[in-house]
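K.L.:
Data file coords-v4.txt (compact mmCIF, N, CA and C atoms and all ligand atoms) is appended below.
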```
# COMPACT_ATOMS: atom_id res chain seq x y z
N MET A 197 21.67 31.00 28.64
CA MET A 197 21.49 31.64 27.34
C MET A 197 21.13 30.60 26.27
N GLU A 198 20.24 30.98 25.43
CA GLU A 198 19.81 30.04 24.38
C GLU A 198 19.83 30.71 23.02
N VAL A 199 20.00 29.89 22.01
CA VAL A 199 19.95 30.41 20.64
C VAL A 199 18.87 29.65 19.88
N GLN A 200 18.33 30.32 18.90
CA GLN A 200 17.30 29.68 18.09
C GLN A 200 17.94 29.13 16.82
N ILE A 201 17.64 27.91 16.50
CA ILE A 201 18.18 27.35 15.27
C ILE A 201 17.03 26.91 14.37
N ARG A 202 17.31 26.86 13.08
CA ARG A 202 16.33 26.35 12.14
C ARG A 202 16.92 25.08 11.55
N GLU A 203 16.15 24.04 11.58
CA GLU A 203 16.67 22.77 11.05
C GLU A 203 15.61 22.06 10.22
N THR A 204 16.09 21.13 9.42
CA THR A 204 15.19 20.35 8.59
C THR A 204 14.26 19.53 9.47
N CYS A 205 13.02 19.54 9.16
CA CYS A 205 12.04 18.78 9.95
C CYS A 205 12.28 17.29 9.79
N LYS A 206 12.41 16.63 10.92
CA LYS A 206 12.71 15.20 10.87
C LYS A 206 11.50 14.37 10.46
N SER A 207 10.34 14.87 10.78
CA SER A 207 9.12 14.10 10.50
C SER A 207 8.86 13.93 9.00
N CYS A 208 9.18 14.96 8.24
CA CYS A 208 8.87 14.90 6.80
C CYS A 208 10.13 14.96 5.95
N GLY A 209 11.30 15.06 6.58
CA GLY A 209 12.55 15.10 5.84
C GLY A 209 12.74 16.37 5.05
N GLY A 210 12.00 17.42 5.38
CA GLY A 210 12.17 18.70 4.72
C GLY A 210 11.22 18.94 3.57
N SER A 211 10.42 17.94 3.26
CA SER A 211 9.50 18.11 2.12
C SER A 211 8.27 18.93 2.50
N GLY A 212 7.94 18.96 3.78
CA GLY A 212 6.78 19.72 4.21
C GLY A 212 5.48 18.93 4.18
N PHE A 213 5.53 17.73 3.60
CA PHE A 213 4.32 16.92 3.62
C PHE A 213 4.66 15.47 3.94
N VAL A 214 3.69 14.77 4.40
CA VAL A 214 3.86 13.35 4.68
C VAL A 214 2.81 12.57 3.89
N SER A 215 3.18 11.38 3.48
CA SER A 215 2.21 10.60 2.71
C SER A 215 1.26 9.88 3.65
N ASN A 216 0.07 9.75 3.19
CA ASN A 216 -0.99 9.12 3.98
C ASN A 216 -0.77 7.61 4.00
N PRO A 217 -0.57 7.03 5.19
CA PRO A 217 -0.27 5.59 5.26
C PRO A 217 -1.38 4.70 4.73
N ILE A 218 -2.59 5.24 4.64
CA ILE A 218 -3.70 4.41 4.17
C ILE A 218 -3.48 4.01 2.70
N TYR A 219 -2.74 4.84 1.97
CA TYR A 219 -2.48 4.50 0.56
C TYR A 219 -1.50 3.34 0.43
N GLU A 220 -0.66 3.19 1.45
CA GLU A 220 0.24 2.02 1.47
C GLU A 220 -0.58 0.75 1.54
N GLU A 221 -1.63 0.79 2.37
CA GLU A 221 -2.53 -0.36 2.50
C GLU A 221 -3.19 -0.69 1.18
N LEU A 222 -3.64 0.37 0.52
CA LEU A 222 -4.33 0.18 -0.75
C LEU A 222 -3.37 -0.40 -1.80
N LEU A 223 -2.15 0.11 -1.84
CA LEU A 223 -1.15 -0.40 -2.78
C LEU A 223 -0.82 -1.86 -2.49
N GLU A 224 -0.75 -2.15 -1.20
CA GLU A 224 -0.45 -3.52 -0.78
C GLU A 224 -1.53 -4.47 -1.27
N LEU A 225 -2.78 -4.05 -1.10
CA LEU A 225 -3.90 -4.88 -1.55
C LEU A 225 -3.88 -5.01 -3.08
N ASP A 226 -3.50 -3.95 -3.74
CA ASP A 226 -3.40 -3.97 -5.20
C ASP A 226 -2.36 -4.99 -5.64
N ARG A 227 -1.22 -4.98 -4.97
CA ARG A 227 -0.15 -5.94 -5.30
C ARG A 227 -0.60 -7.37 -5.04
N LYS A 228 -1.31 -7.54 -3.91
CA LYS A 228 -1.78 -8.86 -3.53
C LYS A 228 -2.78 -9.39 -4.57
N THR A 229 -3.67 -8.51 -4.98
CA THR A 229 -4.67 -8.89 -5.97
C THR A 229 -4.00 -9.30 -7.28
N LYS A 230 -2.99 -8.54 -7.67
CA LYS A 230 -2.25 -8.84 -8.90
C LYS A 230 -1.61 -10.23 -8.81
N LYS A 231 -1.07 -10.51 -7.64
CA LYS A 231 -0.39 -11.78 -7.43
C LYS A 231 -1.39 -12.95 -7.46
N GLU A 232 -2.51 -12.74 -6.80
CA GLU A 232 -3.47 -13.83 -6.66
C GLU A 232 -4.38 -13.99 -7.87
N LYS A 233 -4.75 -12.86 -8.46
CA LYS A 233 -5.74 -12.93 -9.55
C LYS A 233 -5.18 -12.53 -10.91
N GLY A 234 -3.94 -12.09 -10.92
CA GLY A 234 -3.34 -11.73 -12.20
C GLY A 234 -3.86 -10.42 -12.77
N ARG A 235 -4.51 -9.64 -11.95
CA ARG A 235 -5.00 -8.33 -12.40
C ARG A 235 -5.00 -7.38 -11.20
N TYR A 236 -5.02 -6.11 -11.53
CA TYR A 236 -5.06 -5.12 -10.46
C TYR A 236 -6.49 -4.87 -10.02
N LEU A 237 -6.66 -4.14 -8.94
CA LEU A 237 -7.98 -3.82 -8.43
C LEU A 237 -8.79 -3.02 -9.46
N THR A 238 -10.06 -3.33 -9.53
CA THR A 238 -10.93 -2.54 -10.41
C THR A 238 -11.36 -1.28 -9.66
N ASN A 239 -11.85 -0.32 -10.41
CA ASN A 239 -12.33 0.92 -9.76
C ASN A 239 -13.42 0.59 -8.75
N TYR A 240 -14.24 -0.38 -9.13
CA TYR A 240 -15.33 -0.77 -8.25
C TYR A 240 -14.79 -1.29 -6.92
N GLU A 241 -13.77 -2.15 -6.99
CA GLU A 241 -13.17 -2.71 -5.77
C GLU A 241 -12.51 -1.63 -4.92
N VAL A 242 -11.90 -0.68 -5.59
CA VAL A 242 -11.26 0.42 -4.85
C VAL A 242 -12.33 1.24 -4.12
N ASP A 243 -13.44 1.51 -4.83
CA ASP A 243 -14.54 2.25 -4.20
C ASP A 243 -15.06 1.50 -2.97
N GLU A 244 -15.22 0.19 -3.16
CA GLU A 244 -15.72 -0.64 -2.08
C GLU A 244 -14.78 -0.59 -0.88
N TRP A 245 -13.50 -0.64 -1.17
CA TRP A 245 -12.46 -0.61 -0.14
C TRP A 245 -12.55 0.68 0.68
N TRP A 246 -12.73 1.79 -0.02
CA TRP A 246 -12.88 3.08 0.70
C TRP A 246 -14.12 3.07 1.57
N SER A 247 -15.23 2.56 1.02
CA SER A 247 -16.49 2.53 1.76
C SER A 247 -16.34 1.74 3.04
N LYS A 248 -15.67 0.58 2.92
CA LYS A 248 -15.48 -0.27 4.09
C LYS A 248 -14.72 0.44 5.19
N ARG A 249 -13.86 1.35 4.79
CA ARG A 249 -13.08 2.09 5.78
C ARG A 249 -13.76 3.38 6.23
N GLY A 250 -14.97 3.55 5.78
CA GLY A 250 -15.74 4.70 6.23
C GLY A 250 -15.50 5.98 5.44
N TYR A 251 -14.88 5.83 4.25
CA TYR A 251 -14.64 7.02 3.42
C TYR A 251 -15.65 7.05 2.28
N ASN A 252 -15.94 8.23 1.84
CA ASN A 252 -16.73 8.38 0.64
C ASN A 252 -15.80 8.16 -0.56
N PRO A 253 -16.07 7.13 -1.39
CA PRO A 253 -15.17 6.84 -2.51
C PRO A 253 -15.02 8.01 -3.48
N LEU A 254 -16.03 8.87 -3.49
CA LEU A 254 -15.95 10.03 -4.39
C LEU A 254 -15.03 11.11 -3.81
N GLU A 255 -14.83 11.03 -2.52
CA GLU A 255 -13.92 11.99 -1.87
C GLU A 255 -12.92 11.27 -0.97
N PRO A 256 -12.04 10.50 -1.57
CA PRO A 256 -11.04 9.80 -0.75
C PRO A 256 -10.11 10.80 -0.08
N PRO A 257 -9.48 10.40 1.02
CA PRO A 257 -8.57 11.32 1.71
C PRO A 257 -7.37 11.67 0.82
N PRO A 258 -6.72 12.79 1.09
CA PRO A 258 -5.57 13.17 0.27
C PRO A 258 -4.41 12.17 0.42
N GLU A 259 -3.66 12.00 -0.65
CA GLU A 259 -2.53 11.06 -0.60
C GLU A 259 -1.41 11.61 0.26
N GLU A 260 -1.33 12.92 0.30
CA GLU A 260 -0.31 13.55 1.13
C GLU A 260 -0.97 14.69 1.88
N TYR A 261 -0.49 14.94 3.07
CA TYR A 261 -1.01 16.09 3.78
C TYR A 261 0.14 16.86 4.42
N ASP A 262 -0.15 18.09 4.77
CA ASP A 262 0.88 18.93 5.37
C ASP A 262 1.40 18.28 6.64
N CYS A 263 2.69 18.34 6.80
CA CYS A 263 3.32 17.78 7.99
C CYS A 263 2.84 18.55 9.23
N ASP A 264 2.39 17.80 10.21
CA ASP A 264 1.88 18.43 11.43
C ASP A 264 2.98 19.13 12.21
N ASP A 265 4.16 18.53 12.19
CA ASP A 265 5.24 19.05 13.02
C ASP A 265 5.80 20.39 12.55
N CYS A 266 5.84 20.60 11.25
CA CYS A 266 6.40 21.86 10.74
C CYS A 266 5.33 22.67 10.00
N GLU A 267 4.10 22.16 10.02
CA GLU A 267 2.98 22.81 9.34
C GLU A 267 3.25 23.06 7.87
N GLY A 268 3.96 22.12 7.26
CA GLY A 268 4.18 22.19 5.82
C GLY A 268 5.39 23.02 5.40
N ALA A 269 6.10 23.57 6.37
CA ALA A 269 7.24 24.43 6.04
C ALA A 269 8.49 23.63 5.68
N GLY A 270 8.59 22.41 6.19
CA GLY A 270 9.77 21.59 5.91
C GLY A 270 10.92 21.87 6.84
N GLN A 271 10.78 22.95 7.59
CA GLN A 271 11.83 23.31 8.55
C GLN A 271 11.19 23.70 9.87
N ARG A 272 11.93 23.50 10.90
CA ARG A 272 11.43 23.86 12.22
C ARG A 272 12.47 24.72 12.92
N THR A 273 11.97 25.59 13.75
CA THR A 273 12.90 26.37 14.56
C THR A 273 12.75 25.93 16.01
N ARG A 274 13.82 25.90 16.70
CA ARG A 274 13.73 25.59 18.12
C ARG A 274 14.86 26.29 18.86
N TRP A 275 14.62 26.46 20.14
CA TRP A 275 15.61 27.08 20.99
C TRP A 275 16.47 26.01 21.64
N ILE A 276 17.77 26.23 21.60
CA ILE A 276 18.66 25.28 22.26
C ILE A 276 19.66 26.05 23.11
N THR A 277 20.22 25.36 24.05
CA THR A 277 21.23 26.00 24.89
C THR A 277 22.54 26.10 24.12
N LEU A 278 23.42 26.96 24.57
CA LEU A 278 24.72 27.10 23.92
C LEU A 278 25.51 25.80 23.98
N GLU A 279 25.31 25.05 25.07
CA GLU A 279 25.98 23.76 25.18
C GLU A 279 25.56 22.84 24.05
N GLU A 280 24.26 22.76 23.82
CA GLU A 280 23.75 21.93 22.72
C GLU A 280 24.26 22.44 21.38
N PHE A 281 24.29 23.76 21.25
CA PHE A 281 24.73 24.38 20.01
C PHE A 281 26.18 23.99 19.70
N LYS A 282 26.99 24.02 20.73
CA LYS A 282 28.41 23.64 20.56
C LYS A 282 28.53 22.20 20.06
N LYS A 283 27.68 21.36 20.61
CA LYS A 283 27.72 19.94 20.20
C LYS A 283 27.37 19.79 18.71
N LEU A 284 26.44 20.62 18.26
CA LEU A 284 26.02 20.54 16.86
C LEU A 284 27.14 20.93 15.90
N LEU A 285 28.03 21.80 16.40
CA LEU A 285 29.11 22.30 15.53
C LEU A 285 30.24 21.29 15.37
N LYS A 286 30.25 20.33 16.23
CA LYS A 286 31.34 19.35 16.18
C LYS A 286 31.21 18.41 14.99
ZN ZN B 1 7.71 18.44 8.67
```
Spell out the structure here as structure tokens.

P.N.:
Amino acid sequence: MEVQIRETCKSCGGSGFVSNPIYEELLELDRKTKKEKGRYLTNYEVDEWWSKRGYNPLEPPPEEYDCDDCEGAGQRTRWITLEEFKKLLK
């Protein structure tokens, strides 16, 4: 016998979306530029950066996208055995 439970999605922590890791790279480069040159990236440099990665700078990828695992719901349902269910109650 199994029961269905609904739980917070572990992949997105319940928010329903995940941030695009490519923006971490961009932020990192921005920080590096600030450190080395005393200024942040210019719009031109950011555009160039996107181009180098094969993106159209006018249409950069979204900063966040719907979580694949819960399809943006933030919660997932799954079937578990009663044994597993008992363990969760402890
Ligand atoms: Zn999720």

K.L.:
Could you pull out the strand (DSSP E or B) residues of chain A from DSSP and send them as a list in words?

P.N.:
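Here is the list: Glu198, Val199, Gln200, Ile201, Arg202, Glu203, Thr204, Phe213, Val214, Ser215, Glu260, Tyr261, Asp262, Gln271, Arg272, Thr273, Arg274, Trp275, Ile276 and Thr277 of chain A.
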
K.L.:
Using only C-alpha atoms and all ligand atoms, find the one residue out of A:Lys283, A:Arg249, A:Arg272, A:Lys228 that sits nearest to ligand ZN 1 (chain B).

P.N.:
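When distances to ligand ZN 1 (chain B) are compared using only C-alpha atoms and all ligand atoms, the smallest one comes from A:Arg272.
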
K.L.:
Taking only N, CA and C atoms into account, name the residue in A:Gly234, A:Ser247, A:Glu241, A:Gln271 that is nearest to Gly209 in chain A.

P.N.:
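Of A:Gly234, A:Ser247, A:Glu241, A:Gln271, the one nearest Gly209 in chain A, counting only N, CA and C atoms, is A:Gln271.
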
K.L.:
Dump the neighbourhood of ligand ZN 1 (chain B) as a list in words: all residues within 6 Å, distances computed on only C-alpha atoms and all ligand atoms.

P.N.:
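Those residues are Cys205, Ser207, Cys208, Gly210, Gly212, Cys263, Asp265, Cys266, Gly268 and Gly270 of chain A.
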
K.L.:
As an exercise, work out the distance from CA of Leu278 in chain A to CA of Asp264 in chain A in Å and give it to one decimal place.

P.N.:
27.4 Å

K.L.:
Using 3 Å of padding on each side, determine the axis-aligned box around all atoms of range 253-272 of chain A present in the file and give its centre and edge lengths in Å to one decimal, as JSON.

P.N.:
```
{"center_x": -1.8, "center_y": 15.8, "center_z": 4.3, "size_x": 34.5, "size_y": 23.9, "size_z": 23.4}
```

K.L.:
So how far away is atom C of Ala269 in chain A from atom C of Ile218 in chain A, in Å?

P.N.:
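Computed distance, atom C of Ile218 in chain A to atom C of Ala269 in chain A, equals 23.2 Å.
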
K.L.:
Would you return as a count of residues only the members of chain A that DSSP assigns to helix (DSSP H, G or I) on this structure's backbone?

P.N.:
35

K.L.:
Could you state the separation of atom N of Glu267 in chain A and atom C of Leu284 in chain A in Å, given to one decimal place?

P.N.:
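Going from atom N of Glu267 in chain A over to atom C of Leu284 in chain A covers 23.8 Å.
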
K.L.:
My list of candidates is A:Arg227, A:Arg274, A:Lys233, A:Lys282. Which is closest to Ile201 in chain A when distances are computed with all atoms listed in the file?

P.N.:
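Once distances to Ile201 in chain A are computed over all atoms listed in the file, the minimum belongs to A:Arg274.
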
K.L.:
Around (2.2, 17.2, 4.5) in the file's own coordinates, what residues are found within 5 Å if you use all atoms listed in the file, given back as a list in words?

P.N.:
Gly212, Phe213, Val214, Glu260, Tyr261, Asp262 and Cys263 of chain A

K.L.:
Name all residues at most 7 Å from Asp226 in chain A (count only N, CA and C atoms; drop same-chain ones fewer than 6 positions away) and give them as a ChimeraX atom specification.

P.N.:
/A:235-237

K.L.:
Give me, as a PDB file with N, CA and C atoms, keeping the file's coordinate frame, all polymer residues having an atom no more than 7 Å from Pro253 in chain A, counting only N, CA and C atoms and skipping those fewer than 5 positions away in the same chain.

P.N.:
```
ATOM      1  N   VAL A 242     -11.900  -0.680  -5.590  1.00  0.00           N
ATOM      2  CA  VAL A 242     -11.260   0.420  -4.850  1.00  0.00           C
ATOM      3  C   VAL A 242     -12.330   1.240  -4.120  1.00  0.00           C
ATOM      4  N   ASP A 243     -13.440   1.510  -4.830  1.00  0.00           N
ATOM      5  CA  ASP A 243     -14.540   2.250  -4.200  1.00  0.00           C
ATOM      6  C   ASP A 243     -15.060   1.500  -2.970  1.00  0.00           C
ATOM      7  N   GLU A 244     -15.220   0.190  -3.160  1.00  0.00           N
ATOM      8  CA  GLU A 244     -15.720  -0.640  -2.080  1.00  0.00           C
ATOM      9  C   GLU A 244     -14.780  -0.590  -0.880  1.00  0.00           C
ATOM     10  N   TRP A 246     -12.730   1.790  -0.020  1.00  0.00           N
ATOM     11  CA  TRP A 246     -12.880   3.080   0.700  1.00  0.00           C
ATOM     12  C   TRP A 246     -14.120   3.070   1.570  1.00  0.00           C
ATOM     13  N   SER A 247     -15.230   2.560   1.020  1.00  0.00           N
ATOM     14  CA  SER A 247     -16.490   2.530   1.760  1.00  0.00           C
ATOM     15  C   SER A 247     -16.340   1.740   3.040  1.00  0.00           C
TER      16      SER A 247
END
```

K.L.:
Have a look at A:Glu259, A:Glu279, A:Glu232, A:Glu198 and name the one nearest to Glu220 in chain A; count only C-alpha atoms.

P.N.:
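The closest residue to Glu220 in chain A is A:Glu259.
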
K.L.:
Of the candidates A:Thr229, A:Thr273, A:Asn216, A:Gln200, which shows the shortest atom-to-atom distance to Pro257 in chain A, using all atoms listed in the file?

P.N.:
A:Asn216
